[in-house]
There are 8 protein chains.
Amino acid sequence: MRLTVYLAGEIHSTWREEIKQKVLALNLPVDFIGPMENHDRSDNIGEEILGEQTSAVFKDAAASSFNNLRTSVLMHKADLVIALFGEQYKQWNTAMDASTAIAGGKPVIIIRPEKLHHPLKELSAKASATVETSDQAIKALSYIFE
Amino acid sequence: MRLTVYLAGEIHSTWREEIKQKVLALNLPVDFIGPMENHDRSDNIGEEILGEQTSAVFKDAAASSFNNLRTSVLMHKADLVIALFGEQYKQWNTAMDASTAIAGGKPVIIIRPEKLHHPLKELSAKASATVETSDQAIKALSYIFE
Amino acid sequence: MRLTVYLAGEIHSTWREEIKQKVLALNLPVDFIGPMENHDRSDNIGEEILGEQTSAVFKDAAASSFNNLRTSVLMHKADLVIALFGEQYKQWNTAMDASTAIAGGKPVIIIRPEKLHHPLKELSAKASATVETSDQAIKALSYIFE
Amino acid sequence: MRLTVYLAGEIHSTWREEIKQKVLALNLPVDFIGPMENHDRSDNIGEEILGEQTSAVFKDAAASSFNNLRTSVLMHKADLVIALFGEQYKQWNTAMDASTAIAGGKPVIIIRPEKLHHPLKELSAKASATVETSDQAIKALSYIFE
Amino acid sequence: MRLTVYLAGEIHSTWREEIKQKVLALNLPVDFIGPMENHDRSDNIGEEILGEQTSAVFKDAAASSFNNLRTSVLMHKADLVIALFGEQYKQWNTAMDASTAIAGGKPVIIIRPEKLHHPLKELSAKASATVETSDQAIKALSYIFE
Amino acid sequence: MRLTVYLAGEIHSTWREEIKQKVLALNLPVDFIGPMENHDRSDNIGEEILGEQTSAVFKDAAASSFNNLRTSVLMHKADLVIALFGEQYKQWNTAMDASTAIAGGKPVIIIRPEKLHHPLKELSAKASATVETSDQAIKALSYIFE
Amino acid sequence: MRLTVYLAGEIHSTWREEIKQKVLALNLPVDFIGPMENHDRSDNIGEEILGEQTSAVFKDAAASSFNNLRTSVLMHKADLVIALFGEQYKQWNTAMDASTAIAGGKPVIIIRPEKLHHPLKELSAKASATVETSDQAIKALSYIFE
Amino acid sequence: MRLTVYLAGEIHSTWREEIKQKVLALNLPVDFIGPMENHDRSDNIGEEILGEQTSAVFKDAAASSFNNLRTSVLMHKADLVIALFGEQYKQWNTAMDASTAIAGGKPVIIIRPEKLHHPLKELSAKASATVETSDQAIKALSYIFE
């Protein structure tokens, strides 16, 4: 049994790479997927495909359609979503991805520092599990295979 | 035909009251529902029902279960969700409510100031419509009845 | 038992009004809903709510979001969809509304002149019934109550 | 990860072949499926299987059942639908296939020349993304794998 | 609490009328719906609406579309289906209606004489309950309100 | 807004009556439904309708079909399920009703004494909220209307 | 692309074997599944597993549970159902399997002699296609791969 | 065709191992999955991942989230659930797993000693089949492949 795990969350740090390497070291049969991690490319993909847009809002609208397309295709392949919330950025995309997965019956692990417990309390209560570190999420993932 | 509209979003300002009064003035056949707007009560409802909890995290966990219960029951009654994003607070609850509604096939209108277009671009692309002010949302609501 | 019927199709003629009056004359307990029938208003609703847009495409994009919002809310209320195809216009909206209803398990009656049988053959095969005139659609509607 | 892409749209030009060859040249792990592209065979399949029919309408009815059977089986296999709208033909089948996919939660890319923006505005607003050329659709497809 | 009950099954005897009168005598808050009980009208409805057809098969095809339309609209309103199987006729419609209801999560009571237990054994095992007489079905219906 | 609440759980005590009276005293707009509370009647309903059965197992099989029929019809009407677990009896019916509601997206409040926390821990984690007393459940119910 | 096809219908003739051999000769990538074709075994499976039952009805009830189990597991694997109706037997199982597949969105081909058109008219209208012979069904199956 | 079977039920005896070995001896193409069978590990997994909790209830709440995560991921992979009820323990988890599978359309075989027929009568009536021993369940599983 292999599992496909979608890693939702911010794309400004290397947290996905760390999870992937640690899971690889554990020999867990997991394939990881996730959003475009090159932030500029994620922001520019609309203009890259459709050409220059006339305002920042329209540039964003164009980009969002291709980002949503990508997420929608990949999320259908996921057995499990791990969603990381950090202290920076609005991260409404992360809340959207986690909520969409939950609404579709897909299990979700939320990673968040304890100090974010308050604004995440309702989403945490709907997720399968909430942890504070990537290592804890990996333990939860590993537990599925034991 | 009456419509039931769930007003998702922050509970620190009077935006819901303004919408309700303007819609009342327009004689639109709309019933509004939404989250507990008394912020302290929303935060304390877990301890109010279950008694004092042993930490802030557990107090939040207790409160979130009753807030989610309330939202879940009411959201099932809604024909339409209007979700307001402002510049303060994390508002992950708002993103969760809007995304849950979208995933369940419920139409969603997002209200957000233009300056928030970037972090909301993917969620906006999945909503039925995005506007910048409550008055615009009311016009959209009114359009359904014309 | 009352039924709510959504009348999908072009908004350049008075076919809806004729159906409504004939059904009223038959005393059938039917409530009709449908798209905005004022064509200019349907095209301009985006700019009316959001203000002037920078191109015809963006004007259309703005309008479509409010038209889709309206259709989505109303279609949820419908027990039955009657979709009329005529010889003019692209009518992709009509095909979209009929197909969306069929995919969601809602019964659909298609009205089309016989000369359009060829391009509609696959959609007709998925609809509950296909007729050629509004009078035939009314007979079908009336048959449900007999 | 391989993706299966259903190419919906008219069957009078070679647009599918062009997409397939370009995607092959990019080494993308994509399997393409789609409707019967031999137009005569698509129109005659009913009589070919069931024997001569008594009128053009019945010939069409017979053909449509086997075309719908084929589309239904194949569409279930698709991860993504690319739907091309051109300036000729009614293309209600294309609108039906795209709308059915959208209603079933399948991501859809619409390809249409800009001049068709107006009649497609509502369908475009429901699709994941809208582009103007096959090359843009291929870029969007490629973006999913990056 | 009122319940709407769809009475599926043959339309050659007066079993529906007997159930309705007995339930009325019990003052149960039940609304009954069901297929067109005038057998000739059910067979002729296609030609009545669309005009004379060129063969018995096409006459049947035309009638079936309006009968399915009727059943589809009404079945959506039903809280419960009572399906009667007797010893005459093919009754594949009855099996279809009962199976469609079961597949959609609607409770079904099957009425059949004991001698039909063998060919109905799999369908009975999927129904909520199987009884042998209308009076037993009425007791089951009455039990819901006690 | 009225809510319909299904009270799942054992039928040997008067807990439902207490909840109903307290909710009545609070003037909450709630309609309560639930299983047959006459235990003998619940056990005997199969023989009462179908006649004497040949063994205790077959008597139970007959009864269960009518109890499931009743539950299925009523549960569809419920906006919310309150499921009480006590210290006596197997109560697998209660677990079944709560789990069925959760799987169907219906909000569930579990009432259980703290000493039962261990065997209910996984079901509690899937319910909307878990409380220890009927009074707490009533507070949760009341909170929805505030 | 391989397809899995469930062959629903009577188990007293060799029609399944003929279809399998002809499809094999055509080299179509199809895996066939279906009900237990040994009629005695199908009737006796309940007693074979659970031991002798006390009446013919209980023997049937026992058998039906294992036949339904088998069908349920296998039907989930099917991309397509071919359902054959002949002139003998009640064949309510066949109508049940076809209707269940249709209700679940699975494409269905009905094979029936023309003389059965009347009692099958409503089920035919809901199936993807209706043919008269196994050879026609094979042509329809083959058409999907062309 | 391989099947994946989830073995729900108590984790204090070796019943899973016995089933696995007997099915292996029969060369059936079945992959078995199930809950964490190390009882201590199942109870402690919350503290193992999240650290020591402040009470037995919170320890349980933490453990349940990871157990539910595991079950949710694995249950999605299952074609069939076999749920064993014995005479010891509350076994509400088993009732929850079986009911969740049934609600999601997954076939379920219940194994229970005859003396438990009464408290399981409603759940048995919703399962695909109920047997008394593991050997009978294996025969039922084997029957699917014959």
# chains A, B, ... in the order shown; residues from 1 in each chain; ligands from 1
>>> interface_residues(of="chain H", to="chain F", cutoff="7 Å", atoms="only C-alpha atoms", output="number ranges by chain")
H: 57, 60-61, 64-65, 68, 90, 92-93, 95-96, 99-100, 103, 117-123, 125
>>> calpha_fit_and_write(fixed="chain G", moving="chain D", output="compact mmCIF listing (two decimals) with C-alpha atoms, in the first residue's frame")
# COMPACT_ATOMS: atom_id res chain seq x y z
CA MET D 1 -7.01 1.42 -20.75
CA ARG D 2 -8.74 -1.74 -19.55
CA LEU D 3 -12.44 -1.86 -18.73
CA THR D 4 -14.23 -4.07 -16.22
CA VAL D 5 -17.71 -5.11 -17.35
CA TYR D 6 -20.35 -6.64 -15.05
CA LEU D 7 -22.68 -9.03 -16.88
CA ALA D 8 -26.04 -8.88 -15.11
CA GLY D 9 -28.92 -11.20 -15.97
CA GLU D 10 -30.12 -14.77 -15.89
CA ILE D 11 -27.72 -17.60 -15.14
CA HIS D 12 -29.50 -20.44 -16.92
CA SER D 13 -27.92 -20.09 -20.37
CA THR D 14 -24.39 -19.62 -21.72
CA TRP D 15 -24.75 -16.03 -22.93
CA ARG D 16 -21.86 -14.79 -20.76
CA GLU D 17 -19.50 -17.39 -22.18
CA GLU D 18 -20.39 -16.38 -25.74
CA ILE D 19 -19.74 -12.72 -25.05
CA LYS D 20 -16.45 -13.49 -23.34
CA GLN D 21 -15.18 -15.60 -26.21
CA LYS D 22 -16.17 -13.10 -28.87
CA VAL D 23 -14.62 -10.24 -26.98
CA LEU D 24 -11.48 -12.31 -26.48
CA ALA D 25 -11.36 -12.95 -30.23
CA LEU D 26 -11.53 -9.18 -30.77
CA ASN D 27 -8.62 -8.65 -28.38
CA LEU D 28 -10.55 -6.02 -26.45
CA PRO D 29 -8.92 -5.19 -23.10
CA VAL D 30 -11.97 -6.16 -21.04
CA ASP D 31 -12.28 -8.06 -17.75
CA PHE D 32 -15.68 -9.60 -17.15
CA ILE D 33 -17.28 -10.12 -13.76
CA GLY D 34 -20.78 -11.17 -12.78
CA PRO D 35 -22.99 -13.16 -10.45
CA MET D 36 -22.43 -16.76 -9.39
CA GLU D 37 -23.47 -18.64 -12.52
CA ASN D 38 -23.95 -22.02 -10.87
CA HIS D 39 -27.65 -21.71 -10.13
CA ASP D 40 -27.79 -24.32 -7.38
CA ARG D 41 -24.79 -22.84 -5.66
CA SER D 42 -26.38 -19.37 -5.86
CA ASP D 43 -29.56 -20.73 -4.25
CA ASN D 44 -27.75 -22.80 -1.63
CA ILE D 45 -24.95 -20.47 -0.62
CA GLY D 46 -26.82 -19.34 2.49
CA GLU D 47 -27.20 -22.85 3.86
CA GLU D 48 -23.72 -23.77 2.71
CA ILE D 49 -22.26 -21.03 4.88
CA LEU D 50 -24.75 -20.75 7.73
CA GLY D 51 -26.12 -24.31 7.88
CA GLU D 52 -29.60 -25.62 7.22
CA GLN D 53 -32.40 -23.06 7.55
CA THR D 54 -35.89 -23.73 8.85
CA SER D 55 -37.90 -22.80 5.76
CA ALA D 56 -37.58 -21.99 2.10
CA VAL D 57 -38.01 -18.29 2.86
CA PHE D 58 -35.21 -18.31 5.42
CA LYS D 59 -33.01 -20.35 3.07
CA ASP D 60 -33.59 -17.63 0.48
CA ALA D 61 -32.93 -14.86 2.96
CA ALA D 62 -29.63 -16.44 3.90
CA ALA D 63 -28.59 -16.94 0.27
CA SER D 64 -29.58 -13.43 -0.75
CA SER D 65 -27.25 -11.83 1.80
CA PHE D 66 -24.20 -13.53 0.32
CA ASN D 67 -25.33 -12.94 -3.25
CA ASN D 68 -25.85 -9.25 -2.47
CA LEU D 69 -22.45 -9.10 -0.77
CA ARG D 70 -20.82 -10.56 -3.87
CA THR D 71 -22.69 -8.27 -6.26
CA SER D 72 -21.97 -5.19 -4.16
CA VAL D 73 -18.22 -5.83 -4.05
CA LEU D 74 -17.98 -6.65 -7.75
CA MET D 75 -20.30 -3.89 -8.98
CA HIS D 76 -18.01 -1.31 -7.35
CA LYS D 77 -15.25 -2.57 -9.63
CA ALA D 78 -17.31 -2.27 -12.83
CA ASP D 79 -16.85 0.50 -15.40
CA LEU D 80 -19.90 -0.65 -17.32
CA VAL D 81 -22.86 -3.00 -16.81
CA ILE D 82 -24.41 -5.13 -19.54
CA ALA D 83 -27.82 -6.40 -18.43
CA LEU D 84 -29.60 -9.11 -20.41
CA PHE D 85 -33.35 -9.61 -20.18
CA GLY D 86 -34.88 -12.76 -21.67
CA GLU D 87 -38.37 -14.12 -21.86
CA GLN D 88 -38.16 -16.51 -18.94
CA TYR D 89 -38.01 -15.94 -15.20
CA LYS D 90 -38.92 -12.89 -13.20
CA GLN D 91 -35.49 -11.30 -13.57
CA TRP D 92 -36.10 -8.74 -10.85
CA ASN D 93 -32.46 -9.15 -9.88
CA THR D 94 -31.47 -7.99 -13.32
CA ALA D 95 -33.72 -4.95 -13.08
CA MET D 96 -32.29 -4.27 -9.61
CA ASP D 97 -28.68 -4.51 -10.77
CA ALA D 98 -29.27 -2.31 -13.81
CA SER D 99 -31.20 0.29 -11.79
CA THR D 100 -28.62 0.34 -9.02
CA ALA D 101 -25.87 0.91 -11.58
CA ILE D 102 -27.84 3.70 -13.28
CA ALA D 103 -28.61 5.38 -9.95
CA GLY D 104 -24.90 5.29 -9.13
CA GLY D 105 -23.91 6.92 -12.42
CA LYS D 106 -22.56 3.75 -14.04
CA PRO D 107 -23.27 3.29 -17.77
CA VAL D 108 -25.63 0.40 -18.60
CA ILE D 109 -26.32 -1.45 -21.86
CA ILE D 110 -29.57 -3.42 -21.87
CA ILE D 111 -29.92 -6.45 -24.16
CA ARG D 112 -33.51 -7.54 -24.72
CA PRO D 113 -35.51 -9.10 -27.56
CA GLU D 114 -37.74 -6.58 -29.28
CA LYS D 115 -40.85 -8.31 -27.99
CA LEU D 116 -39.92 -7.21 -24.46
CA HIS D 117 -39.82 -3.54 -25.40
CA HIS D 118 -43.06 -2.69 -23.64
CA PRO D 119 -42.38 -3.82 -20.05
CA LEU D 120 -38.82 -2.49 -20.27
CA LYS D 121 -39.65 0.88 -21.79
CA GLU D 122 -38.96 3.00 -18.69
CA LEU D 123 -35.80 1.13 -17.74
CA SER D 124 -34.55 1.33 -21.33
CA ALA D 125 -35.10 5.07 -21.31
CA LYS D 126 -32.82 5.39 -18.29
CA ALA D 127 -30.07 3.06 -19.59
CA SER D 128 -27.26 4.40 -21.75
CA ALA D 129 -28.26 2.16 -24.63
CA THR D 130 -30.61 -0.72 -25.45
CA VAL D 131 -29.81 -3.42 -28.01
CA GLU D 132 -31.41 -6.68 -29.06
CA THR D 133 -28.49 -9.10 -29.27
CA SER D 134 -25.20 -9.87 -27.60
CA ASP D 135 -23.42 -9.11 -30.88
CA GLN D 136 -24.85 -5.59 -30.81
CA ALA D 137 -23.71 -5.17 -27.22
CA ILE D 138 -20.22 -6.27 -28.24
CA LYS D 139 -20.21 -3.71 -31.04
CA ALA D 140 -21.19 -1.03 -28.53
CA LEU D 141 -18.42 -2.18 -26.21
CA SER D 142 -15.93 -2.22 -29.04
CA TYR D 143 -16.96 1.30 -30.07
CA ILE D 144 -15.69 2.64 -26.74
CA PHE D 145 -12.15 1.56 -27.61
CA GLU D 146 -12.06 2.78 -31.21
>>> select_by_dssp(residues="stretch 11-143 of chain E", states="alpha helix (DSSP H)", output="PyMOL selection string")
chain E and resi 15-25+39-50+56-77+92-103+121-126+134-143
>>> decode(residues="stretch 96-126 of chain H", atoms="N, CA and C atoms", output="compact mmCIF listing (two decimals), in the first residue's frame")
# COMPACT_ATOMS: atom_id res chain seq x y z
N MET H 96 -19.04 1.69 15.19
CA MET H 96 -18.79 2.92 14.44
C MET H 96 -18.17 2.60 13.08
N ASP H 97 -17.17 1.73 13.06
CA ASP H 97 -16.52 1.40 11.79
C ASP H 97 -17.49 0.71 10.83
N ALA H 98 -18.26 -0.24 11.36
CA ALA H 98 -19.22 -0.94 10.50
C ALA H 98 -20.27 0.03 9.96
N SER H 99 -20.78 0.89 10.83
CA SER H 99 -21.84 1.83 10.41
C SER H 99 -21.31 2.85 9.42
N THR H 100 -20.09 3.31 9.63
CA THR H 100 -19.49 4.27 8.70
C THR H 100 -19.32 3.63 7.33
N ALA H 101 -18.86 2.39 7.31
CA ALA H 101 -18.71 1.69 6.03
C ALA H 101 -20.06 1.53 5.34
N ILE H 102 -21.07 1.10 6.08
CA ILE H 102 -22.41 0.91 5.50
C ILE H 102 -22.94 2.24 4.95
N ALA H 103 -22.79 3.30 5.73
CA ALA H 103 -23.28 4.61 5.28
C ALA H 103 -22.57 5.08 4.02
N GLY H 104 -21.32 4.63 3.83
CA GLY H 104 -20.57 5.02 2.65
C GLY H 104 -20.71 4.04 1.50
N GLY H 105 -21.61 3.08 1.63
CA GLY H 105 -21.88 2.14 0.53
C GLY H 105 -20.91 0.98 0.46
N LYS H 106 -20.10 0.79 1.49
CA LYS H 106 -19.13 -0.31 1.48
C LYS H 106 -19.79 -1.56 2.07
N PRO H 107 -19.62 -2.72 1.42
CA PRO H 107 -20.20 -3.96 1.94
C PRO H 107 -19.55 -4.36 3.27
N VAL H 108 -20.36 -4.87 4.19
CA VAL H 108 -19.89 -5.24 5.53
C VAL H 108 -20.39 -6.65 5.88
N ILE H 109 -19.46 -7.49 6.37
CA ILE H 109 -19.83 -8.78 6.96
C ILE H 109 -19.64 -8.65 8.47
N ILE H 110 -20.68 -8.96 9.23
CA ILE H 110 -20.58 -8.97 10.69
C ILE H 110 -20.37 -10.41 11.16
N ILE H 111 -19.38 -10.59 12.05
CA ILE H 111 -19.21 -11.88 12.73
C ILE H 111 -19.62 -11.66 14.18
N ARG H 112 -20.57 -12.48 14.66
CA ARG H 112 -20.94 -12.36 16.07
C ARG H 112 -21.49 -13.72 16.53
N PRO H 113 -21.24 -14.08 17.79
CA PRO H 113 -21.84 -15.30 18.32
C PRO H 113 -23.36 -15.12 18.37
N GLU H 114 -24.07 -16.23 18.23
CA GLU H 114 -25.53 -16.13 18.15
C GLU H 114 -26.11 -15.43 19.38
N LYS H 115 -25.46 -15.61 20.53
CA LYS H 115 -26.03 -15.02 21.74
C LYS H 115 -26.04 -13.49 21.72
N LEU H 116 -25.32 -12.89 20.77
CA LEU H 116 -25.35 -11.43 20.65
C LEU H 116 -26.36 -10.96 19.61
N HIS H 117 -27.22 -11.87 19.14
CA HIS H 117 -28.11 -11.45 18.06
C HIS H 117 -29.01 -10.29 18.46
N HIS H 118 -29.44 -10.26 19.74
CA HIS H 118 -30.43 -9.25 20.10
C HIS H 118 -29.86 -7.82 20.04
N PRO H 119 -28.77 -7.53 20.73
CA PRO H 119 -28.30 -6.12 20.69
C PRO H 119 -27.75 -5.71 19.31
N LEU H 120 -27.49 -6.68 18.45
CA LEU H 120 -26.96 -6.35 17.12
C LEU H 120 -28.02 -6.41 16.03
N LYS H 121 -29.28 -6.59 16.41
CA LYS H 121 -30.26 -6.91 15.36
C LYS H 121 -30.41 -5.79 14.33
N GLU H 122 -30.40 -4.54 14.75
CA GLU H 122 -30.57 -3.46 13.76
C GLU H 122 -29.31 -3.29 12.89
N LEU H 123 -28.14 -3.41 13.50
CA LEU H 123 -26.92 -3.28 12.70
C LEU H 123 -26.79 -4.46 11.74
N SER H 124 -27.13 -5.66 12.19
CA SER H 124 -27.11 -6.83 11.30
C SER H 124 -28.02 -6.62 10.10
N ALA H 125 -29.18 -6.02 10.34
CA ALA H 125 -30.13 -5.84 9.25
C ALA H 125 -29.61 -4.84 8.22
N LYS H 126 -28.65 -4.01 8.59
CA LYS H 126 -28.09 -3.06 7.64
C LYS H 126 -26.81 -3.59 6.97
